[in-house]
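model-v2.csv follows; it contains CSV, C-alpha atoms and all ligand atoms.
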```csv
chain,number,residue,atom,x,y,z
V,596,MET,CA,2.3,37.7,-24.6
V,597,ASP,CA,4.5,39.8,-22.2
V,598,GLY,CA,6.6,36.9,-20.9
V,599,LYS,CA,5.1,37.2,-17.4
V,600,LEU,CA,3.8,34.0,-15.8
V,601,ARG,CA,-0.1,34.0,-15.3
V,602,ASP,CA,-1.5,32.3,-12.2
V,603,ASN,CA,-3.4,29.9,-14.3
V,604,ASP,CA,-0.5,29.0,-16.6
V,605,ILE,CA,1.2,25.9,-15.3
V,606,SER,CA,3.3,25.1,-18.3
V,607,HIS,CA,6.4,25.5,-16.1
V,608,VAL,CA,5.0,22.9,-13.7
V,609,VAL,CA,4.6,20.4,-16.6
V,610,GLU,CA,8.2,21.0,-17.6
V,611,ALA,CA,9.5,20.6,-14.0
V,612,ASP,CA,7.6,17.4,-13.8
V,613,ARG,CA,8.8,16.1,-17.2
V,614,ALA,CA,12.4,17.0,-16.2
V,615,HIS,CA,12.7,16.0,-12.6
V,616,VAL,CA,9.9,13.7,-11.3
V,617,TRP,CA,10.4,10.0,-11.2
V,618,HIS,CA,6.8,8.6,-11.5
V,619,HIS,CA,5.6,5.4,-10.0
V,620,LEU,CA,4.2,2.6,-12.1
V,621,ILE,CA,4.4,4.4,-15.5
V,622,GLN,CA,6.7,4.6,-18.4
V,623,HIS,CA,8.2,8.1,-19.0
V,624,ALA,CA,9.3,7.5,-22.6
V,625,PRO,CA,6.1,8.9,-24.2
V,626,TRP,CA,6.7,12.3,-22.6
V,627,SER,CA,10.3,12.6,-23.6
V,628,GLY,CA,9.9,12.9,-27.3
V,629,THR,CA,8.8,15.8,-29.5
V,630,ASP,CA,5.0,15.3,-29.5
V,631,PRO,CA,3.7,18.4,-27.7
V,632,LYS,CA,0.5,16.6,-26.8
V,633,ALA,CA,2.4,14.0,-24.9
V,634,ASP,CA,2.7,15.8,-21.6
V,635,PRO,CA,2.9,14.1,-18.2
V,636,ARG,CA,-0.5,14.3,-16.5
V,637,ILE,CA,-0.6,16.7,-13.5
V,638,ILE,CA,-3.7,16.4,-11.3
V,639,VAL,CA,-4.4,19.9,-10.1
V,640,GLU,CA,-7.5,19.8,-8.0
V,641,GLY,CA,-10.2,17.5,-6.6
V,642,ARG,CA,-13.8,17.8,-5.3
V,643,GLY,CA,-15.8,14.8,-4.2
V,644,MET,CA,-15.1,12.0,-6.6
V,645,ARG,CA,-13.8,14.2,-9.4
V,646,VAL,CA,-10.3,15.6,-10.2
V,647,TRP,CA,-9.1,18.0,-12.9
V,648,ASP,CA,-5.8,17.9,-14.8
V,649,GLN,CA,-3.6,20.7,-16.0
V,650,LYS,CA,-5.6,21.0,-19.2
V,651,GLY,CA,-8.8,21.5,-17.3
V,652,LYS,CA,-10.0,18.0,-18.2
V,653,GLU,CA,-12.4,16.5,-15.6
V,654,HIS,CA,-11.9,12.9,-14.5
V,655,LEU,CA,-14.2,10.7,-12.5
V,656,ASP,CA,-11.7,9.2,-10.0
V,657,GLY,CA,-12.8,5.6,-9.8
V,658,VAL,CA,-9.6,4.4,-8.1
V,659,SER,CA,-9.6,6.9,-5.2
V,660,GLY,CA,-6.3,8.8,-5.7
V,661,GLY,CA,-5.0,6.3,-8.2
V,662,VAL,CA,-4.2,3.7,-5.6
V,663,TRP,CA,-7.3,3.3,-3.4
V,664,THR,CA,-6.3,5.9,-0.8
V,665,VAL,CA,-8.6,9.0,-0.8
V,666,ASN,CA,-11.6,7.0,0.3
V,667,VAL,CA,-13.5,10.0,1.8
V,668,GLY,CA,-13.2,12.0,-1.4
V,669,TYR,CA,-11.5,15.3,-2.3
V,670,GLY,CA,-12.0,18.8,-0.8
V,671,ARG,CA,-13.1,17.8,2.7
V,672,GLU,CA,-12.7,21.0,4.6
V,673,ARG,CA,-13.6,19.6,8.1
V,674,ILE,CA,-10.7,17.1,7.8
V,675,ALA,CA,-8.3,19.8,6.4
V,676,ASN,CA,-9.2,22.1,9.3
V,677,ALA,CA,-8.6,19.4,11.9
V,678,VAL,CA,-5.2,18.6,10.3
V,679,ARG,CA,-4.3,22.3,10.1
V,680,ASP,CA,-5.2,22.8,13.8
V,681,GLN,CA,-3.2,19.8,14.9
V,682,LEU,CA,-0.2,20.8,12.8
V,683,ILE,CA,-0.1,24.2,14.6
V,684,LYS,CA,-0.6,22.6,18.0
V,685,LEU,CA,1.8,19.7,17.7
V,686,PRO,CA,2.9,18.4,14.2
V,687,TYR,CA,4.9,15.5,15.5
V,688,PHE,CA,6.4,13.7,18.4
V,689,ALA,CA,8.1,10.3,18.4
V,690,GLY,CA,5.9,7.3,19.2
V,691,SER,CA,7.8,6.8,22.5
V,692,ALA,CA,5.4,9.4,23.9
V,693,GLY,CA,1.7,9.7,23.4
V,694,SER,CA,-0.4,12.4,21.6
V,695,ILE,CA,-4.0,13.5,22.1
V,696,PRO,CA,-5.2,12.4,18.6
V,697,GLY,CA,-3.2,9.2,18.8
V,698,ALA,CA,-4.7,8.1,22.1
V,699,LEU,CA,-8.3,9.1,21.2
V,700,PHE,CA,-8.1,7.5,17.8
V,701,SER,CA,-6.7,4.2,19.1
V,702,GLU,CA,-9.6,4.0,21.6
V,703,LYS,CA,-12.1,4.5,18.7
V,704,LEU,CA,-10.4,2.0,16.5
V,705,ILE,CA,-10.2,-0.7,19.2
V,706,SER,CA,-13.9,-0.2,20.0
V,707,LYS,CA,-14.5,-1.5,16.4
V,708,MET,CA,-12.0,-4.5,16.7
V,709,PRO,CA,-13.2,-7.0,19.2
V,710,GLY,CA,-10.4,-9.1,20.7
V,711,MET,CA,-7.7,-6.4,19.9
V,712,SER,CA,-6.2,-4.2,22.5
V,713,ARG,CA,-3.5,-2.0,21.0
V,714,VAL,CA,-2.8,0.1,17.9
V,715,TYR,CA,0.7,0.5,16.4
V,716,TYR,CA,0.8,3.5,14.1
V,717,THR,CA,2.7,3.3,10.9
V,718,ASN,CA,2.9,5.5,7.7
V,719,SER,CA,1.9,2.8,5.2
V,720,GLY,CA,0.7,-0.7,4.7
V,721,SER,CA,4.3,-1.8,3.8
V,722,GLU,CA,5.6,-0.5,7.1
V,723,ALA,CA,2.7,-2.1,9.0
V,724,ASN,CA,3.6,-5.5,7.5
V,725,GLU,CA,7.4,-5.0,8.2
V,726,LYS,CA,6.4,-4.4,11.8
V,727,ALA,CA,4.3,-7.5,11.9
V,728,PHE,CA,7.2,-9.6,10.4
V,729,LYS,CA,9.5,-8.2,13.1
V,730,MET,CA,6.9,-9.2,15.8
V,731,VAL,CA,6.8,-12.8,14.5
V,732,ARG,CA,10.6,-13.0,14.6
V,733,GLN,CA,10.9,-11.4,18.0
V,734,ILE,CA,8.3,-13.8,19.4
V,735,ALA,CA,10.3,-16.7,17.7
V,736,HIS,CA,13.5,-15.5,19.5
V,737,LYS,CA,11.9,-14.9,22.8
V,738,ARG,CA,9.9,-18.1,23.1
V,739,TYR,CA,11.2,-20.6,20.5
V,740,GLY,CA,14.9,-20.2,20.3
V,741,GLY,CA,14.5,-18.4,17.0
V,742,LYS,CA,13.1,-21.5,15.3
V,743,LYS,CA,9.5,-20.6,14.8
V,744,HIS,CA,10.2,-17.7,12.4
V,745,LYS,CA,8.9,-18.7,9.0
V,746,ILE,CA,6.2,-16.6,7.5
V,747,LEU,CA,3.8,-18.1,4.9
V,748,TYR,CA,2.3,-16.1,2.1
V,749,ARG,CA,-0.1,-17.1,-0.6
V,750,ASP,CA,0.6,-17.3,-4.3
V,751,ARG,CA,-0.9,-14.0,-5.9
V,752,ASP,CA,-0.6,-12.1,-2.6
V,753,TYR,CA,0.5,-8.4,-2.4
V,754,HIS,CA,1.7,-7.2,0.9
V,755,GLY,CA,3.7,-4.0,0.0
V,756,THR,CA,6.7,-2.6,-1.8
V,757,THR,CA,9.7,-2.9,0.6
V,758,ILE,CA,12.1,-5.8,0.2
V,759,ALA,CA,10.6,-7.9,3.1
V,760,CYS,CA,7.1,-7.2,1.8
V,761,LEU,CA,8.1,-8.3,-1.7
V,762,SER,CA,9.6,-11.4,-0.1
V,763,ALA,CA,6.0,-12.1,1.0
V,764,GLY,CA,4.8,-11.2,-2.5
V,765,GLY,CA,3.1,-13.8,-4.6
V,766,GLN,CA,3.0,-11.8,-7.9
V,767,ASP,CA,6.1,-12.8,-9.8
V,768,GLN,CA,5.7,-10.1,-12.5
V,769,ARG,CA,5.9,-7.5,-9.7
V,770,ASN,CA,8.9,-9.1,-8.0
V,771,ALA,CA,11.0,-9.6,-11.1
V,772,GLN,CA,14.4,-7.8,-11.0
V,773,TYR,CA,14.3,-6.9,-7.3
V,774,GLY,CA,15.9,-10.0,-5.7
V,775,PRO,CA,17.6,-11.5,-3.8
V,776,TYR,CA,14.8,-11.6,-1.2
V,777,THR,CA,14.7,-12.0,2.5
V,778,PRO,CA,14.9,-15.6,3.7
V,779,GLY,CA,12.3,-17.2,5.8
V,780,PHE,CA,9.2,-16.5,3.6
V,781,VAL,CA,7.4,-19.6,2.2
V,782,ARG,CA,4.8,-19.6,-0.5
V,783,VAL,CA,1.5,-21.5,-0.2
V,784,PRO,CA,-1.2,-22.0,-2.8
V,785,HIS,CA,-3.8,-19.2,-3.1
V,786,CYS,CA,-7.5,-19.6,-2.2
V,787,LEU,CA,-9.0,-17.8,-5.2
V,788,GLU,CA,-11.8,-19.8,-6.7
V,789,TYR,CA,-11.7,-17.3,-9.6
V,790,ARG,CA,-8.3,-18.6,-10.6
V,791,ALA,CA,-9.3,-22.1,-9.7
V,792,GLN,CA,-6.5,-24.7,-9.1
V,793,TRP,CA,-8.9,-27.5,-8.5
V,794,ASP,CA,-12.1,-28.6,-10.1
V,795,LEU,CA,-14.2,-28.0,-7.0
V,796,ASP,CA,-16.9,-25.4,-5.9
V,797,GLY,CA,-17.6,-23.3,-2.9
V,798,GLU,CA,-16.9,-24.9,0.5
V,799,ALA,CA,-15.1,-27.9,-1.1
V,800,TYR,CA,-12.8,-25.5,-2.8
V,801,GLY,CA,-12.1,-23.7,0.5
V,802,ILE,CA,-11.3,-27.0,2.2
V,803,ALA,CA,-9.0,-28.0,-0.6
V,804,ALA,CA,-7.2,-24.6,-0.3
V,805,ALA,CA,-6.8,-25.0,3.5
V,806,ASN,CA,-5.5,-28.6,3.0
V,807,ALA,CA,-3.0,-27.3,0.5
V,808,ILE,CA,-1.7,-24.8,3.1
V,809,GLU,CA,-1.5,-27.5,5.7
V,810,GLU,CA,0.6,-29.7,3.4
V,811,VAL,CA,3.2,-26.9,3.1
V,812,ILE,CA,3.2,-26.4,6.9
V,813,LEU,CA,3.7,-30.2,7.5
V,814,ALA,CA,6.5,-30.3,4.9
V,815,GLU,CA,8.3,-27.2,6.4
V,816,GLY,CA,7.8,-28.4,10.0
V,817,PRO,CA,5.0,-26.8,12.0
V,818,ASP,CA,7.5,-25.8,14.7
V,819,THR,CA,9.2,-23.5,12.2
V,820,ILE,CA,6.1,-21.6,11.1
V,821,GLY,CA,5.4,-18.3,12.9
V,822,ALA,CA,2.7,-16.7,10.8
V,823,LEU,CA,0.5,-16.8,7.7
V,824,CYS,CA,-0.1,-13.5,5.9
C,1,LIG,C1,-3.2,-6.0,0.9
C,1,LIG,C2,-2.1,-4.9,0.9
C,1,LIG,N1,-1.1,-5.0,1.8
C,1,LIG,C3,-0.2,-4.0,1.8
C,1,LIG,C4,-0.2,-2.9,1.0
C,1,LIG,C5,0.9,-1.9,1.0
C,1,LIG,O1,0.5,-0.7,1.5
C,1,LIG,P1,1.3,0.6,1.1
C,1,LIG,O2,1.1,0.9,-0.3
C,1,LIG,O3,0.5,1.7,2.0
C,1,LIG,O4,2.7,0.5,1.6
C,1,LIG,C6,-1.2,-2.8,0.0
C,1,LIG,C7,-1.2,-1.7,-0.9
C,1,LIG,O5,-1.9,-1.7,-1.9
C,1,LIG,C8,-2.2,-3.8,0.0
C,1,LIG,O6,-3.2,-3.8,-0.9
```

Mind turning this structure into structure tokens?
Amino acid sequence: MDGKLRDNDISHVVEADRAHVWHHLIQHAPWSGTDPKADPRIIVEGRGMRVWDQKGKEHLDGVSGGVWTVNVGYGRERIANAVRDQLIKLPYFAGSAGSIPGALFSEKLISKMPGMSRVYYTNSGSEANEKAFKMVRQIAHKRYGGKKHKILYRDRDYHGTTIACLSAGGQDQRNAQYGPYTPGFVRVPHCLEYRAQWDLDGEAYGIAAANAIEEVILAEGPDTIGALC
């Protein structure tokens, strides 16, 4: 060993990660002790459906980037080249103006969504839902004196990670310790036959679930309900 860093030696990367990266959804404690085998996992490269970690171990990525996001697979050069070309031409301009890819993609998307006419671009699902919640409230203010602002969400729902999205979150374990939440969100029973709430099957189960939602709407006052997630 001459002390020089080899290209394929990423031990310094592992140490930087261990020391400075705050990971999502995972406990850091196992990497903080003295067990040299307990390193944080660094995903180094991907091709198709497979990724490789810092130890060269191959993984079949059955969850598409860990959280269902890389649906087209890894190493797609055609996409990388299109992104590269656009970054050089124009990396960003605020949504108050249009862009060539933004206009053309919205046309394509709308052609697949009958009854819809416009696309609002966001960076994540959480932001999309935040925007939708704002639309409901703005419509309530413009047309209903602010009254029709309540947003219903189902038990077991997940709508994102921001405070308003967690306010529409029906998974109590996920929400614990982040309150208080945004007012105006109201929980209704879920529609999952898998976690059946009534001893009914198929269509009868669906009708019971719809009736249970209606009960909440009637109790809250239909003129106060702006949306159902
Ligand atoms: C149904 C649903 N809504 C919203 C979100 C939030 O999206 P994002 O993680 O992009 O903020 C998710 C993410 O898993 C989701 O599954």

Please identify the residues whose atoms come within 9 Å of ligand LIG 1 (chain C), using all atoms listed in the file, and report them as a count of residues only. 17

Would you mind listing what lies within 12 Å of Gln772 of chain V as a VMD selection string, with only C-alpha atoms counted and same-chain residues fewer than 4 positions away left out? chain V and resid 758 761 767 to 768 776

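Minimum atom-to-atom distance to Arg732 of chain V, evaluated using only C-alpha atoms, belongs to V:Ala822 out of V:Ala799, V:Leu699, V:Ala822, V:Ile812.
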
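Between atom CA of His744 of chain V and atom CA of Gly765 of chain V the separation is 18.8 Å.
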
Across V:Asp630, V:Trp793, V:Ala759, V:Asp680, the smallest distance to Tyr773 of chain V, with only C-alpha atoms counted, is shown by V:Ala759

When you draw a straight line from atom CA of Lys726 of chain V to atom CA of Arg769 of chain V, how long is it in Å? 21.7 Å

Excluding Arg645 of chain V and its own-chain neighbours fewer than 3 positions away, which residues fall within 7 Å of it when counting all atoms listed in the file? Please give them as a VMD selection string. chain V and resid 641 to 642 653 to 656

Hey, can you spit out that residue selection with C-alpha atoms as a tab-separated table (two decimals), keeping the file's coordinate frame?
```
chain	number	residue	atom	x	y	z
V	641	GLY	CA	-10.20	17.50	-6.60
V	642	ARG	CA	-13.80	17.80	-5.30
V	653	GLU	CA	-12.40	16.50	-15.60
V	654	HIS	CA	-11.90	12.90	-14.50
V	655	LEU	CA	-14.20	10.70	-12.50
V	656	ASP	CA	-11.70	9.20	-10.00
```

Pairwise distance, atom CA of Asp634 of chain V with atom CA of Trp647 of chain V, equals 14.8 Å
